[in-house]
$ cat work-v3.txt   # compact mmCIF, C-alpha atoms
# COMPACT_ATOMS: atom_id res chain seq x y z
CA MET A 1 2.26 16.42 -12.24
CA LEU A 2 -0.49 14.18 -13.61
CA LYS A 3 -0.47 16.01 -16.95
CA ARG A 4 3.29 15.52 -17.19
CA ILE A 5 2.94 11.79 -16.49
CA ILE A 6 0.16 11.32 -19.03
CA LYS A 7 2.10 13.29 -21.64
CA GLY A 8 5.29 11.34 -20.96
CA LEU A 9 3.76 7.87 -20.98
CA ASP A 10 4.93 5.54 -23.72
CA THR A 11 1.73 3.83 -24.79
CA ILE A 12 3.57 1.41 -27.06
CA ILE A 13 5.63 0.05 -24.16
CA LEU A 14 2.51 -0.31 -22.01
CA LEU A 15 0.71 -2.09 -24.85
CA LEU A 16 3.67 -4.45 -25.28
CA LEU A 17 3.59 -5.27 -21.57
CA LEU A 18 -0.12 -6.12 -21.82
CA ILE A 19 0.59 -8.40 -24.79
CA PHE A 20 3.45 -10.06 -22.89
CA MET A 21 1.06 -10.62 -19.96
CA ILE A 22 -1.49 -12.35 -22.18
CA ILE A 23 1.15 -14.53 -23.83
CA SER A 24 2.67 -15.43 -20.46
CA ILE A 25 -0.63 -16.43 -18.83
CA PHE A 26 -1.75 -18.55 -21.78
CA CYS A 27 1.62 -20.28 -22.11
CA ILE A 28 1.89 -21.00 -18.39
CA TYR A 29 -1.62 -22.43 -18.42
CA SER A 30 -0.71 -24.71 -21.33
CA ALA A 31 2.48 -25.85 -19.60
CA THR A 32 0.90 -26.61 -16.23
CA ARG A 33 -2.72 -27.63 -16.79
CA THR A 34 -1.87 -31.35 -16.57
CA VAL A 35 0.46 -30.93 -13.57
CA PRO A 36 -1.59 -30.76 -10.34
CA ASP A 37 1.16 -29.14 -8.25
CA PHE A 38 1.51 -26.23 -10.69
CA SER A 39 -1.96 -26.02 -12.25
CA GLN A 40 -2.70 -22.70 -10.50
CA SER A 41 0.53 -21.05 -11.62
CA TYR A 42 -1.18 -19.02 -14.32
CA ILE A 43 -3.46 -17.48 -11.70
CA LYS A 44 -0.47 -16.59 -9.52
CA MET A 45 1.12 -15.00 -12.59
CA MET A 46 -1.96 -12.80 -12.93
CA TYR A 47 -1.39 -11.58 -9.38
CA PHE A 48 2.31 -11.01 -10.09
CA TYR A 49 1.44 -8.94 -13.15
CA GLY A 50 -1.15 -6.99 -11.19
CA LEU A 51 1.44 -6.15 -8.54
CA GLY A 52 3.98 -5.39 -11.27
CA PHE A 53 1.71 -2.83 -12.94
CA VAL A 54 0.94 -1.22 -9.56
CA VAL A 55 4.67 -0.83 -8.87
CA LEU A 56 5.33 0.43 -12.41
CA PHE A 57 2.63 3.13 -12.26
CA THR A 58 3.74 4.12 -8.75
CA MET A 59 7.23 4.75 -10.08
CA LEU A 60 5.82 7.18 -12.63
CA PHE A 61 5.17 9.60 -9.75
CA VAL A 62 8.81 9.48 -8.58
CA ASN A 63 11.74 11.22 -10.25
CA TYR A 64 14.31 8.54 -10.99
CA LYS A 65 17.09 11.00 -10.06
CA LEU A 66 15.85 10.94 -6.47
CA LEU A 67 15.96 7.13 -6.38
CA LEU A 68 19.38 7.13 -8.00
CA ARG A 69 20.85 9.10 -5.11
CA PHE A 70 20.50 6.05 -2.87
CA SER A 71 22.08 3.56 -5.29
CA PRO A 72 25.23 3.06 -3.12
CA LEU A 73 22.91 1.99 -0.28
CA TYR A 74 21.02 -0.35 -2.63
CA TYR A 75 24.33 -1.86 -3.70
CA PHE A 76 25.46 -2.76 -0.19
CA ILE A 77 22.02 -4.08 0.72
CA GLY A 78 22.16 -6.26 -2.40
CA LEU A 79 25.59 -7.59 -1.45
CA GLY A 80 24.30 -8.30 2.05
CA LEU A 81 21.43 -10.35 0.63
CA LEU A 82 23.80 -12.31 -1.63
CA VAL A 83 26.07 -13.12 1.33
CA LEU A 84 23.10 -14.03 3.54
CA LEU A 85 22.05 -16.63 0.97
CA PHE A 86 25.03 -18.81 1.93
CA PHE A 87 23.63 -19.02 5.47
CA LYS A 88 19.86 -18.77 5.09
CA GLY A 89 19.23 -19.42 1.39
CA ASP A 90 17.18 -22.25 -0.08
CA THR A 91 18.52 -24.52 -2.81
CA LEU A 92 16.54 -24.84 -6.01
CA ASN A 93 17.84 -26.61 -9.13
CA ASN A 94 21.27 -27.06 -7.48
CA ALA A 95 21.63 -23.31 -6.81
CA GLN A 96 21.46 -21.82 -3.31
CA GLY A 97 20.01 -18.54 -4.51
CA TRP A 98 16.55 -18.17 -3.00
CA PHE A 99 14.83 -16.91 0.12
CA THR A 100 11.44 -18.30 1.11
CA LEU A 101 9.07 -15.47 2.01
CA PRO A 102 5.84 -15.68 4.03
CA GLY A 103 3.17 -17.46 2.04
CA GLY A 104 5.69 -19.76 0.38
CA LEU A 105 6.80 -17.17 -2.20
CA LYS A 106 10.38 -17.36 -3.45
CA PHE A 107 12.67 -14.35 -3.74
CA GLN A 108 15.89 -14.43 -5.82
CA PRO A 109 18.32 -11.62 -4.87
CA ALA A 110 20.44 -12.21 -8.00
CA GLU A 111 17.61 -10.81 -10.12
CA LEU A 112 17.31 -7.70 -7.96
CA CYS A 113 21.08 -7.15 -7.95
CA LYS A 114 21.17 -6.85 -11.74
CA LEU A 115 19.03 -3.72 -11.59
CA ILE A 116 20.95 -2.46 -8.54
CA LEU A 117 24.22 -2.89 -10.44
CA ILE A 118 22.87 -0.87 -13.37
CA LEU A 119 21.83 1.95 -11.05
CA PHE A 120 25.10 2.00 -9.10
CA LEU A 121 27.31 1.94 -12.21
CA SER A 122 25.21 4.75 -13.71
CA TYR A 123 25.46 6.72 -10.46
CA PHE A 124 29.22 6.18 -10.39
CA LEU A 125 29.60 7.43 -13.97
CA SER A 126 27.42 10.47 -13.27
CA LYS A 127 30.16 11.77 -10.95
CA ARG A 128 32.96 11.73 -13.50
CA GLU A 129 34.53 14.91 -14.84
CA VAL A 130 35.95 13.77 -18.21
CA GLU A 131 34.29 12.70 -21.45
CA THR A 132 36.19 9.43 -22.01
CA LEU A 133 36.39 6.78 -19.29
CA SER A 134 39.66 6.66 -17.38
CA LEU A 135 41.16 3.20 -16.91
CA PHE A 136 42.20 3.67 -13.27
CA LYS A 137 39.59 6.17 -12.06
CA GLU A 138 36.52 4.62 -13.65
CA ILE A 139 36.90 1.33 -15.53
CA LEU A 140 38.82 -0.56 -12.84
CA PRO A 141 36.60 0.65 -9.94
CA MET A 142 33.52 -0.26 -12.00
CA GLY A 143 35.10 -3.65 -12.65
CA VAL A 144 35.47 -4.21 -8.91
CA ILE A 145 31.89 -3.05 -8.30
CA THR A 146 30.73 -5.64 -10.85
CA PHE A 147 33.09 -8.46 -9.87
CA VAL A 148 31.93 -8.73 -6.25
CA PRO A 149 28.25 -9.59 -6.99
CA PHE A 150 29.39 -11.59 -10.05
CA LEU A 151 31.53 -13.82 -7.83
CA LEU A 152 28.87 -14.18 -5.13
CA VAL A 153 26.24 -15.23 -7.66
CA LEU A 154 28.65 -17.55 -9.49
CA MET A 155 29.36 -19.32 -6.19
CA GLN A 156 25.66 -20.15 -5.69
CA PRO A 157 26.14 -21.36 -8.50
CA ASP A 158 24.08 -19.31 -10.98
CA LEU A 159 26.00 -19.08 -14.24
CA GLY A 160 23.28 -17.32 -16.23
CA ASN A 161 22.73 -14.35 -13.93
CA SER A 162 26.43 -14.00 -13.13
CA ILE A 163 27.28 -13.63 -16.83
CA GLY A 164 24.49 -11.08 -17.04
CA TYR A 165 26.45 -8.84 -14.63
CA LEU A 166 29.45 -8.88 -16.97
CA VAL A 167 27.26 -8.01 -19.95
CA ILE A 168 25.79 -5.06 -18.03
CA PHE A 169 29.29 -3.85 -17.12
CA ILE A 170 30.50 -4.03 -20.72
CA VAL A 171 27.47 -2.22 -22.15
CA VAL A 172 27.46 0.54 -19.51
CA CYS A 173 31.17 1.10 -20.21
CA TRP A 174 30.37 1.34 -23.91
CA PHE A 175 27.62 3.91 -23.33
CA GLY A 176 30.03 5.72 -21.01
CA HIS A 177 32.40 6.31 -23.95
CA ILE A 178 35.15 3.85 -23.16
CA ASN A 179 38.43 4.59 -24.90
CA TYR A 180 38.69 2.44 -28.04
CA LYS A 181 42.20 1.43 -27.05
CA HIS A 182 40.95 0.14 -23.71
CA ALA A 183 38.04 -1.60 -25.41
CA LEU A 184 40.44 -3.31 -27.82
CA ILE A 185 42.70 -4.41 -24.97
CA GLY A 186 39.68 -5.79 -23.13
CA LEU A 187 38.51 -7.63 -26.23
CA VAL A 188 41.95 -9.19 -26.76
CA ILE A 189 42.06 -10.29 -23.11
CA ILE A 190 38.59 -11.84 -23.39
CA ILE A 191 39.58 -13.72 -26.56
CA ILE A 192 42.83 -14.99 -25.04
CA VAL A 193 41.24 -16.04 -21.75
CA SER A 194 38.25 -17.64 -23.46
CA GLY A 195 40.40 -19.45 -26.03
CA SER A 196 42.91 -20.75 -23.49
CA SER A 197 40.14 -21.78 -21.11
CA LEU A 198 38.35 -23.68 -23.86
CA TYR A 199 41.56 -25.39 -24.95
CA SER A 200 42.46 -26.34 -21.38
CA TYR A 201 38.94 -27.54 -20.66
CA ILE A 202 38.93 -29.89 -23.65
CA LYS A 203 42.53 -31.08 -23.19
CA TYR A 204 42.23 -31.72 -19.45
CA HIS A 205 38.56 -32.61 -19.42
CA GLU A 206 38.90 -35.76 -17.34
CA GLU A 207 41.04 -34.05 -14.71
CA VAL A 208 38.59 -31.15 -14.49
CA LYS A 209 35.70 -33.61 -14.27
CA GLN A 210 37.30 -35.51 -11.40
CA PHE A 211 38.09 -32.30 -9.53
CA MET A 212 34.55 -30.94 -9.88
CA ALA A 213 33.11 -34.30 -8.82
CA SER A 214 35.23 -34.17 -5.66
CA LYS A 215 33.69 -30.79 -4.90
CA HIS A 216 30.18 -32.12 -5.66
CA LYS A 217 29.88 -29.72 -8.60
CA ALA A 218 29.79 -32.23 -11.46
CA TYR A 219 26.47 -30.82 -12.70
CA TRP A 220 28.33 -27.65 -13.74
CA LEU A 221 30.26 -29.66 -16.32
CA ASP A 222 27.13 -31.48 -17.47
CA ARG A 223 25.63 -28.20 -18.66
CA VAL A 224 28.83 -27.09 -20.40
CA ASP A 225 29.48 -30.52 -21.95
CA ALA A 226 25.98 -30.57 -23.43
CA VAL A 227 27.07 -27.65 -25.66
CA LEU A 228 30.85 -28.05 -26.11
CA LEU A 229 31.24 -31.84 -25.97
CA PRO A 230 27.81 -33.38 -26.66
CA ASP A 231 29.40 -36.70 -27.72
CA GLN A 232 31.05 -37.07 -24.31
CA ALA A 233 28.16 -35.71 -22.26
CA SER A 234 25.86 -38.08 -20.41
CA GLU A 235 22.30 -38.72 -21.50
CA LYS A 236 21.11 -36.88 -18.40
CA ALA A 237 23.24 -33.85 -19.27
CA THR A 238 21.85 -33.52 -22.79
CA TYR A 239 18.27 -34.57 -22.06
CA HIS A 240 16.87 -31.09 -21.41
CA MET A 241 18.51 -29.56 -24.46
CA LYS A 242 17.67 -32.43 -26.81
CA GLN A 243 14.02 -32.49 -25.76
CA SER A 244 13.77 -28.72 -26.14
CA VAL A 245 15.30 -28.72 -29.62
CA LYS A 246 13.05 -31.63 -30.62
CA ALA A 247 9.91 -29.90 -29.34
CA ILE A 248 10.69 -26.53 -30.95
CA GLY A 249 11.59 -28.26 -34.23
CA SER A 250 8.38 -30.29 -34.23
CA GLY A 251 6.39 -27.04 -34.17
CA SER A 252 7.50 -26.42 -37.76
CA LEU A 253 5.99 -23.32 -39.38
CA GLU A 254 2.57 -22.98 -37.76
CA GLY A 255 2.92 -25.15 -34.65
CA ASP A 256 0.88 -28.05 -33.32
CA GLY A 257 -1.83 -25.76 -31.99
CA TYR A 258 -2.55 -24.30 -28.57
CA LEU A 259 -2.76 -27.01 -25.89
CA HIS A 260 -1.72 -29.61 -28.46
CA GLY A 261 2.06 -29.58 -28.16
CA THR A 262 3.04 -33.23 -27.72
CA SER A 263 6.22 -32.65 -25.72
CA VAL A 264 4.74 -29.85 -23.64
CA GLN A 265 1.53 -31.64 -22.73
CA SER A 266 3.30 -34.92 -21.92
CA GLY A 267 5.88 -33.23 -19.69
CA GLN A 268 8.89 -34.35 -21.72
CA VAL A 269 10.59 -30.96 -21.40
CA PRO A 270 11.49 -29.81 -17.86
CA TYR A 271 10.33 -26.44 -16.50
CA THR A 272 8.14 -25.47 -19.45
CA TYR A 273 6.31 -23.01 -17.19
CA SER A 274 9.48 -21.10 -16.28
CA ASP A 275 12.95 -21.41 -17.85
CA SER A 276 11.74 -23.48 -20.82
CA ILE A 277 8.57 -21.57 -21.64
CA PHE A 278 9.87 -20.69 -25.11
CA VAL A 279 9.39 -24.38 -25.92
CA VAL A 280 5.63 -23.86 -25.47
CA VAL A 281 5.74 -20.99 -27.95
CA GLY A 282 7.89 -22.91 -30.45
CA GLU A 283 5.98 -26.19 -30.35
CA GLU A 284 2.41 -24.93 -30.14
CA PHE A 285 2.71 -21.77 -32.28
CA GLY A 286 5.62 -22.75 -34.53
CA PHE A 287 8.14 -20.55 -36.28
CA ILE A 288 5.48 -17.89 -36.87
CA GLY A 289 4.65 -17.64 -33.17
CA ALA A 290 8.30 -17.67 -32.08
CA SER A 291 9.13 -14.97 -34.64
CA ALA A 292 6.20 -12.85 -33.48
CA LEU A 293 7.47 -13.02 -29.90
CA LEU A 294 10.96 -11.95 -31.00
CA ILE A 295 9.43 -9.04 -32.92
CA LEU A 296 7.67 -7.94 -29.73
CA TYR A 297 11.01 -7.96 -27.90
CA PHE A 298 12.55 -6.00 -30.76
CA LEU A 299 9.81 -3.37 -30.49
CA LEU A 300 10.35 -3.08 -26.73
CA ILE A 301 14.11 -2.61 -27.16
CA TYR A 302 13.50 -0.18 -30.05
CA ARG A 303 11.22 1.98 -27.91
CA MET A 304 13.72 2.01 -25.06
CA ILE A 305 16.57 3.02 -27.37
CA THR A 306 14.35 5.71 -28.91
CA ILE A 307 13.77 7.16 -25.44
CA ALA A 308 17.53 7.10 -24.77
CA LEU A 309 18.19 8.98 -28.00
CA ASN A 310 15.74 11.73 -27.11
CA ILE A 311 16.76 12.60 -23.57
CA ARG A 312 19.40 15.04 -22.37
CA SER A 313 20.48 13.16 -19.23
CA GLN A 314 23.64 11.13 -19.81
CA THR A 315 22.92 9.22 -16.59
CA GLY A 316 19.50 8.29 -17.94
CA ILE A 317 21.20 6.94 -21.07
CA TYR A 318 23.48 4.76 -18.91
CA ILE A 319 20.49 3.32 -17.07
CA ILE A 320 18.48 2.61 -20.21
CA GLY A 321 21.57 1.10 -21.85
CA GLY A 322 22.09 -1.23 -18.89
CA ILE A 323 18.44 -2.27 -18.77
CA THR A 324 18.43 -2.88 -22.52
CA ALA A 325 21.54 -5.05 -22.17
CA MET A 326 19.92 -6.99 -19.32
CA PHE A 327 16.83 -7.78 -21.38
CA LEU A 328 18.75 -8.63 -24.56
CA PHE A 329 21.09 -11.00 -22.75
CA GLN A 330 18.24 -12.77 -20.97
CA VAL A 331 16.35 -13.29 -24.23
CA PHE A 332 19.48 -14.51 -26.04
CA GLU A 333 20.60 -16.82 -23.23
CA ASN A 334 17.15 -18.27 -22.55
CA ILE A 335 16.29 -19.00 -26.18
CA GLY A 336 19.89 -19.96 -27.02
CA MET A 337 20.01 -22.66 -24.34
CA LEU A 338 16.78 -24.19 -25.66
CA ILE A 339 18.01 -24.41 -29.26
CA GLY A 340 21.42 -25.82 -28.36
CA ILE A 341 23.80 -22.88 -28.79
CA MET A 342 24.16 -21.93 -25.10
CA PRO A 343 24.54 -24.02 -21.93
CA ILE A 344 21.41 -24.68 -19.88
CA THR A 345 21.12 -22.11 -17.09
CA GLY A 346 18.33 -21.06 -14.77
CA ILE A 347 17.63 -17.77 -16.50
CA THR A 348 14.08 -16.72 -17.30
CA LEU A 349 12.52 -15.35 -20.47
CA PRO A 350 11.63 -11.71 -19.62
CA PHE A 351 7.91 -11.03 -19.01
CA ILE A 352 6.93 -14.55 -20.18
CA SER A 353 8.42 -17.10 -17.75
CA TYR A 354 6.64 -17.81 -14.48
CA GLY A 355 8.33 -16.07 -11.57
CA GLY A 356 7.40 -13.22 -9.27
CA THR A 357 10.92 -11.93 -8.60
CA SER A 358 12.03 -11.71 -12.23
CA LEU A 359 8.74 -10.17 -13.39
CA LEU A 360 8.69 -7.59 -10.61
CA ILE A 361 12.31 -6.55 -11.31
CA ASN A 362 11.54 -6.30 -15.03
CA MET A 363 8.50 -4.12 -14.35
CA ILE A 364 10.52 -1.89 -12.02
CA SER A 365 13.14 -1.60 -14.77
CA ILE A 366 10.50 -0.44 -17.23
CA GLY A 367 9.30 1.96 -14.54
CA PHE A 368 12.78 3.49 -14.45
CA VAL A 369 12.82 3.86 -18.23
CA LEU A 370 9.46 5.66 -18.22
CA SER A 371 10.47 7.81 -15.24
CA ILE A 372 13.60 8.86 -17.15
CA LYS A 373 11.43 9.94 -20.06
CA ILE A 374 8.96 11.83 -17.86
CA TYR A 375 11.43 13.66 -15.59
CA ASP A 376 14.35 14.14 -17.95
CA ASP A 377 14.10 17.94 -17.81
CA ILE A 378 13.46 18.21 -14.04
CA ASP A 379 16.25 18.22 -11.47
CA VAL A 380 15.79 16.65 -8.04
CA GLU A 381 16.39 20.02 -6.38
CA ASP A 382 13.42 21.51 -8.23
CA ILE A 383 11.13 18.82 -6.83
CA ILE A 384 12.48 19.20 -3.29
CA ILE A 385 12.05 22.99 -3.37
CA HIS A 386 8.50 22.83 -4.68
$ encode --input "work-v3.txt" --output "structure tokens"
Amino acid sequence: MLKRIIKGLDTIILLLLLIFMIISIFCIYSATRTVPDFSQSYIKMMYFYGLGFVVLFTMLFVNYKLLLRFSPLYYFIGLGLLVLLFFKGDTLNNAQGWFTLPGGLKFQPAELCKLILILFLSYFLSKREVETLSLFKEILPMGVITFVPFLLVLMQPDLGNSIGYLVIFIVVCWFGHINYKHALIGLVIIIIVSGSSLYSYIKYHEEVKQFMASKHKAYWLDRVDAVLLPDQASEKATYHMKQSVKAIGSGSLEGDGYLHGTSVQSGQVPYTYSDSIFVVVGEEFGFIGASALLILYFLLIYRMITIALNIRSQTGIYIIGGITAMFLFQVFENIGMLIGIMPITGITLPFISYGGTSLLINMISIGFVLSIKIYDDIDVEDIIIH
């Protein structure tokens, strides 16, 4: 068993995780060293990474196919946690999406449910009998499976993670060989719905604004207006984005230097230790540093896709495809919102932002990828028998 694990390890992925850990700790320290309430965050992140590596290496001793068998149970537990949030959840940044654990730690079920959704959709597809996805037997049921957690998370409200569920659904369907006709119909529907929604939003903006204000949800529109209608958005609505763009732009080519970012060190950009940590990279390490970080993400995705191309298990391909989509969307959304092309959401930058829940889920996801590589040629029955 140990020889199989050592032989199947992807040293490049492990090296990338170590590099991400170093970058994360240094950036969190820079972002919080002048803020007394958060000055120990980089130490906590060390503990989170330590726990993350323990969980990752533990997963290497477990065949992912055995874990996958229980994915329907995971799914209903995840839904139960999302529902429980409306009764016992804590509100953070206007979203009721957190549980407070012993010791003051925060747990965000929406992060966990992304991985659960990937596993359940992959499990569902593993039971099919035809090569191309059937609209009524597979696509629509998978749509329902995705829509339920999507709606629960959107109601928190957590726009970033809820959109992530839709991205996972689309990518898993693509890896599952969706019929091109169905894909085209879906694309047309998305374009029509998106276009009509955008037109209606702009045309009836005041009416929508009044309605959302009556429901105490005006901050939803603030985030959307900052991207779609910046001239009409309030100063408060555009502050985060404007300060982020300004800070990243001021980094220029080489950056202002570590611990010397003016906006970061003066606290002008909110949440630089978590959601806005890319601002630290952009301002203090410049375009070169930001590009280097993106290259690291590219290498991670490349290695994961390489594993998917060299395994025989179609279910393993679904899982890796979903995890890849999850990471890509988070990187795009997080960086996009800080450079002004996406609305501000509470989504973290994978492996870099401060946060125990998101880091642990990301490490477990990598654990699944490596487990798929290690146990691709072993069936669960073989392990149970021996």
$ residues_around --input "work-v3.txt" --residues "Leu82 in chain A" --least-positions-apart "4" --cutoff "7 Å" --atoms "all atoms listed in the file" --output "MDAnalysis selection string"
chainID A and resid 78 109 152
$ closest_residue --input "work-v3.txt" --among "A:Leu184, A:Val281, A:Val369, A:Ala247" --to "Ile301 in chain A" --atoms "all atoms listed in the file"
A:Val369
$ closest_residue --input "work-v3.txt" --among "A:Tyr273, A:Tyr318, A:Phe332, A:Tyr258" --to "Tyr42 in chain A" --atoms "only C-alpha atoms"
A:Tyr273
$ residues_around --input "work-v3.txt" --residues "Thr100 in chain A" --least-positions-apart "6" --cutoff "10 Å" --atoms "only C-alpha atoms" --output "list in words"
Lys88, Gly89, Asp90, Lys106, Phe107 and Gln108 of chain A
$ residues_around --input "work-v3.txt" --residues "Tyr297 in chain A" --least-positions-apart "4" --cutoff "9 Å" --atoms "only C-alpha atoms" --output "list of chain:residue names"
A:Leu16, A:Ala292, A:Leu293, A:Ile301, A:Tyr302, A:Phe327, A:Leu328, A:Val331
$ closest_residue --input "work-v3.txt" --among "A:Met1, A:Val172, A:Leu154, A:Ile25" --to "Leu125 in chain A" --atoms "only C-alpha atoms"
A:Val172
$ atom_distance --input "work-v3.txt" --atom1 "CA of Phe287 in chain A" --atom2 "CA of Phe351 in chain A"
19.7 Å
$ closest_residue --input "work-v3.txt" --among "A:Cys173, A:Ile248, A:Leu119, A:Ile139" --to "Gly316 in chain A" --atoms "only C-alpha atoms"
A:Leu119
$ closest_residue --input "work-v3.txt" --among "A:Thr272, A:Ile307, A:Ser353, A:Phe329" --to "Asp376 in chain A" --atoms "only C-alpha atoms"
A:Ile307
$ atom_distance --input "work-v3.txt" --atom1 "CA of Asp377 in chain A" --atom2 "CA of Phe53 in chain A"
24.7 Å
$ residues_around --input "work-v3.txt" --residues "Glu111 in chain A" --least-positions-apart "3" --cutoff "12 Å" --atoms "all atoms listed in the file" --output "PyMOL selection string"
chain A and resi 78+81-82+97-98+106-108+114-118+149-150+153+158+160-162+164-165+326-327+330+346-348+350+355-362+364-365
$ atom_distance --input "work-v3.txt" --atom1 "CA of Ile374 in chain A" --atom2 "CA of Thr324 in chain A"
18.1 Å
